[in-house]
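Inspection log for the structure reproduced underneath, given as structure tokens.
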Amino acid sequence: MSLNYTTYEYTVAATQLVLCMLGMGATLTARDFLDIARRPFGVAFVVACQFLLFPLVAAILGATLPVSTGIAIGLILVTAVPSGAVSNILAYSGKGNVPLSITATAASTLTCLFATPLVLRLYAEAHLPADFQIPTGRILLEIVLYLLAPLLLGMGVGYYAPTIKQQFAKWMIRGSLVALAGLVVGSLASGRIDIGQFGWKVPLLIIALGVAKITIVDQVAQRLRFSRDDAFTIAIEVTVRNCNLAILLKASLFPPDSSPEAMGNQVLFTILFYAGAMLVISAVAILLRRRSEPSGTM
């Protein structure tokens, strides 16, 4: 099972992103993104939280709490990578500002090309290889193939075939959710994560960090006079990170080691548990948001 899952994980993840972008693209127009360009503060706020505020918070937690070095580095790593396509699905599911979500994801992904190495050098330099580099070419290729191209194709469907765009969007999004479920089930069944492997303090710390992030960012954004939709979207973008990229970086930083206590395995545990916990936390936030809306508004 583990072999099969790890063999097809990348393909399933890519398929999930393509279907997501096709479906959401069909519901969007160029005007939606022009509105974001006229008000770029939301995107700037997301990027600042992602690469300035929360890596610092993670570094402080790792330095002050009784956690191992591998767990501390894992916390820094998952707060130093950009948001991913899952955040776009969650923003869509929660009736947030989807153009803002997609734009913020693209902006943070491009920013990570120089920001992520700086964050890792600043907070985890003693544990990095001297020749550490972000896989820039691969990231740019994935942005074009799996985000921009299907998004534009979906927008084309919405423009040239408006009579079918709602059905098209619905089935594409449903397909992306099926692929997402496959990723979650595959990761759990593959045996790569044992929730109690390093005790229960680490999972509780990660859950507490996630709850604090999504709650505080949402409230701060509303205090900054963002709409409730925009504040929710910003909170999702800051909380849900591209853990596939984090796993890729972990693989390049820490070679495989069969020992459960090896630093690389502790980093991987942190990434995988963070990914799963943020999905659950975001799902709860979406449910609470839906329940708080007046009937018929969502």
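Labels used: A, B, ... for chains in the order of the structure tokens, numbers from 1 for residues in each chain, and numbers from 1 for ligands as shown.
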**Prompt:** What's the 10 Å shell around Val211 of chain A, counting only C-alpha atoms, without same-chain residues fewer than 5 positions away, as a ChimeraX atom specification?
**Reply:** /A:205-206,216,239,277-278,281-282,285
**Asked** Near Arg241 of chain A, counting only C-alpha atoms, which residues have an atom at most 10 Å away, once you skip same-chain residues fewer than 2 positions from it, shown as a ChimeraX atom specification?
**Response** /A:50,78-87,105,236-239,243-246,271,274-275,278
**Asked** Quick one: distance from atom CA of Leu287 of chain A to atom CA of Ala91 of chain A in Å, one decimal?
**Response**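 Result for atom CA of Leu287 of chain A versus atom CA of Ala91 of chain A: 12.2 Å, one decimal.
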**Fill in**
Of A:Leu90, A:Leu52, A:Val47, A:Leu22, the one sitting nearest Leu110 of chain A when using only C-alpha atoms is A:Val47
**Prompt:** Which residues come within 9 Å of Leu56 of chain A, counting only C-alpha atoms, excluding same-chain residues fewer than 6 positions away, as a list in words?
**Reply:**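 Here the qualifying residues turn out to be Ile76, Thr79, Val119 and Tyr123 of chain A.
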Save the residues we just selected, C-alpha atoms, as an mmCIF file, in the first residue's frame?
```cif
data_model
loop_
_atom_site.group_PDB
_atom_site.id
_atom_site.type_symbol
_atom_site.label_atom_id
_atom_site.label_comp_id
_atom_site.auth_asym_id
_atom_site.auth_seq_id
_atom_site.Cartn_x
_atom_site.Cartn_y
_atom_site.Cartn_z
ATOM 1 C CA ILE A 76 9.757 26.348 10.901
ATOM 2 C CA THR A 79 5.543 28.061 8.191
ATOM 3 C CA VAL A 119 13.672 32.055 6.467
ATOM 4 C CA TYR A 123 16.122 30.139 11.816
#
```
**Residue with smallest distance to Leu279 of chain A - pool A:Trp200, A:Leu180, A:Phe114, A:Ser227, counting only C-alpha atoms** =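 Of A:Trp200, A:Leu180, A:Phe114, A:Ser227, the one nearest Leu279 of chain A, counting only C-alpha atoms, is A:Leu180.
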**Request:** Just give me the gap between atom CA of Thr29 of chain A and atom CA of Gly156 of chain A in Å, one decimal is fine.
**Result:**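 Separating atom CA of Thr29 of chain A from atom CA of Gly156 of chain A is a distance of 9.0 Å.
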**Asked** For Leu113 of chain A, which of A:Gly158, A:Phe51, A:Arg39, A:Val98 is the closest residue, counting only C-alpha atoms?
**Response** A:Phe51
**Prompt:** Could you name the residues that touch Ala169 of chain A at 9 Å or less, counting only C-alpha atoms, but leaving out those on the same chain fewer than 6 positions away, as a PyMOL selection string?
**Reply:** chain A and resi 20+22-27+154+158
**Message:** Let's see if you can do this: from backbone DSSP, list all alpha helix (DSSP H) residues in segment 104-177 of chain A, as a PyMOL selection string.
**Reply:** chain A and resi 104-124+136-142+149-160+165-177
Just N, CA and C atoms for this one: save the residues we selected as a compact mmCIF listing (two decimals), in the first residue's frame.
```txt
# COMPACT_ATOMS: atom_id res chain seq x y z
N ALA A 104 -3.44 35.25 -4.03
CA ALA A 104 -2.53 35.17 -2.88
C ALA A 104 -1.67 33.91 -2.96
N THR A 105 -2.26 32.79 -3.40
CA THR A 105 -1.50 31.55 -3.55
C THR A 105 -0.38 31.72 -4.58
N ALA A 106 -0.72 32.32 -5.73
CA ALA A 106 0.29 32.54 -6.77
C ALA A 106 1.38 33.48 -6.27
N ALA A 107 0.99 34.57 -5.58
CA ALA A 107 1.97 35.54 -5.09
C ALA A 107 2.88 34.93 -4.04
N SER A 108 2.30 34.16 -3.11
CA SER A 108 3.13 33.57 -2.06
C SER A 108 4.04 32.48 -2.63
N THR A 109 3.57 31.77 -3.66
CA THR A 109 4.40 30.74 -4.28
C THR A 109 5.60 31.37 -4.97
N LEU A 110 5.38 32.48 -5.67
CA LEU A 110 6.51 33.17 -6.31
C LEU A 110 7.44 33.77 -5.25
N THR A 111 6.86 34.31 -4.19
CA THR A 111 7.68 34.90 -3.12
C THR A 111 8.55 33.86 -2.45
N CYS A 112 8.05 32.63 -2.35
CA CYS A 112 8.80 31.59 -1.64
C CYS A 112 10.13 31.28 -2.32
N LEU A 113 10.25 31.60 -3.61
CA LEU A 113 11.48 31.28 -4.32
C LEU A 113 12.70 31.94 -3.68
N PHE A 114 12.48 33.12 -3.08
CA PHE A 114 13.60 33.77 -2.37
C PHE A 114 13.35 33.86 -0.88
N ALA A 115 12.06 33.91 -0.44
CA ALA A 115 11.77 34.09 0.97
C ALA A 115 12.01 32.82 1.78
N THR A 116 11.62 31.65 1.24
CA THR A 116 11.78 30.41 2.00
C THR A 116 13.25 30.11 2.32
N PRO A 117 14.18 30.23 1.36
CA PRO A 117 15.59 30.02 1.73
C PRO A 117 16.07 31.00 2.80
N LEU A 118 15.60 32.26 2.72
CA LEU A 118 16.02 33.25 3.72
C LEU A 118 15.51 32.88 5.10
N VAL A 119 14.25 32.44 5.18
CA VAL A 119 13.67 32.06 6.47
C VAL A 119 14.42 30.86 7.05
N LEU A 120 14.69 29.86 6.21
CA LEU A 120 15.38 28.67 6.70
C LEU A 120 16.81 28.99 7.11
N ARG A 121 17.48 29.85 6.35
CA ARG A 121 18.84 30.25 6.72
C ARG A 121 18.82 31.00 8.04
N LEU A 122 17.80 31.82 8.25
CA LEU A 122 17.74 32.66 9.45
C LEU A 122 17.48 31.83 10.70
N TYR A 123 16.58 30.84 10.61
CA TYR A 123 16.12 30.14 11.82
C TYR A 123 16.63 28.71 11.94
N ALA A 124 17.18 28.14 10.85
CA ALA A 124 17.60 26.74 10.93
C ALA A 124 18.92 26.49 10.21
N THR A 136 13.65 25.93 -7.96
CA THR A 136 12.94 27.02 -8.63
C THR A 136 12.29 26.59 -9.93
N GLY A 137 13.04 25.89 -10.78
CA GLY A 137 12.50 25.48 -12.08
C GLY A 137 11.26 24.60 -11.93
N ARG A 138 11.31 23.66 -11.00
CA ARG A 138 10.16 22.77 -10.81
C ARG A 138 8.95 23.54 -10.31
N ILE A 139 9.15 24.47 -9.39
CA ILE A 139 8.03 25.25 -8.85
C ILE A 139 7.39 26.10 -9.95
N LEU A 140 8.20 26.77 -10.75
CA LEU A 140 7.67 27.60 -11.83
C LEU A 140 6.90 26.76 -12.84
N LEU A 141 7.43 25.57 -13.17
CA LEU A 141 6.74 24.69 -14.11
C LEU A 141 5.39 24.26 -13.54
N GLU A 142 5.34 23.94 -12.26
CA GLU A 142 4.08 23.52 -11.65
C GLU A 142 3.08 24.66 -11.61
N ALA A 149 -2.49 27.43 -16.33
CA ALA A 149 -3.09 26.88 -17.55
C ALA A 149 -4.52 26.37 -17.31
N PRO A 150 -4.77 25.52 -16.31
CA PRO A 150 -6.16 25.08 -16.09
C PRO A 150 -7.08 26.21 -15.64
N LEU A 151 -6.55 27.19 -14.90
CA LEU A 151 -7.38 28.32 -14.51
C LEU A 151 -7.86 29.09 -15.74
N LEU A 152 -6.94 29.37 -16.66
CA LEU A 152 -7.31 30.08 -17.88
C LEU A 152 -8.25 29.25 -18.74
N LEU A 153 -8.02 27.94 -18.80
CA LEU A 153 -8.91 27.07 -19.58
C LEU A 153 -10.31 27.07 -18.97
N GLY A 154 -10.39 27.01 -17.64
CA GLY A 154 -11.69 27.06 -16.98
C GLY A 154 -12.40 28.38 -17.22
N MET A 155 -11.65 29.48 -17.18
CA MET A 155 -12.24 30.79 -17.47
C MET A 155 -12.74 30.84 -18.91
N GLY A 156 -12.01 30.16 -19.82
CA GLY A 156 -12.45 30.09 -21.21
C GLY A 156 -13.77 29.35 -21.35
N VAL A 157 -13.92 28.27 -20.58
CA VAL A 157 -15.19 27.53 -20.59
C VAL A 157 -16.32 28.43 -20.11
N GLY A 158 -16.05 29.17 -19.02
CA GLY A 158 -17.07 30.05 -18.48
C GLY A 158 -17.46 31.16 -19.45
N TYR A 159 -16.49 31.63 -20.24
CA TYR A 159 -16.75 32.74 -21.18
C TYR A 159 -17.44 32.26 -22.45
N TYR A 160 -16.94 31.15 -23.01
CA TYR A 160 -17.46 30.70 -24.31
C TYR A 160 -18.62 29.72 -24.18
N LYS A 165 -21.36 26.29 -17.66
CA LYS A 165 -20.24 26.56 -16.75
C LYS A 165 -20.53 26.13 -15.31
N GLN A 166 -21.78 26.27 -14.86
CA GLN A 166 -22.09 25.88 -13.49
C GLN A 166 -21.96 24.37 -13.29
N GLN A 167 -22.49 23.60 -14.23
CA GLN A 167 -22.36 22.15 -14.14
C GLN A 167 -20.90 21.71 -14.28
N PHE A 168 -20.21 22.36 -15.20
CA PHE A 168 -18.79 22.07 -15.40
C PHE A 168 -18.01 22.33 -14.11
N ALA A 169 -18.23 23.50 -13.51
CA ALA A 169 -17.53 23.86 -12.28
C ALA A 169 -17.86 22.87 -11.17
N LYS A 170 -19.14 22.50 -11.05
CA LYS A 170 -19.56 21.60 -9.98
C LYS A 170 -18.85 20.26 -10.08
N TRP A 171 -18.79 19.69 -11.29
CA TRP A 171 -18.19 18.36 -11.43
C TRP A 171 -16.67 18.40 -11.31
N MET A 172 -16.06 19.48 -11.77
CA MET A 172 -14.61 19.60 -11.60
C MET A 172 -14.25 19.71 -10.12
N ILE A 173 -14.99 20.52 -9.38
CA ILE A 173 -14.73 20.67 -7.95
C ILE A 173 -14.97 19.36 -7.23
N ARG A 174 -16.05 18.66 -7.58
CA ARG A 174 -16.31 17.36 -6.96
C ARG A 174 -15.15 16.40 -7.24
N GLY A 175 -14.66 16.41 -8.46
CA GLY A 175 -13.53 15.54 -8.79
C GLY A 175 -12.30 15.89 -8.00
N SER A 176 -12.06 17.19 -7.79
CA SER A 176 -10.89 17.61 -7.01
C SER A 176 -11.03 17.18 -5.55
N LEU A 177 -12.26 17.21 -5.03
CA LEU A 177 -12.47 16.78 -3.64
C LEU A 177 -12.25 15.28 -3.49
```
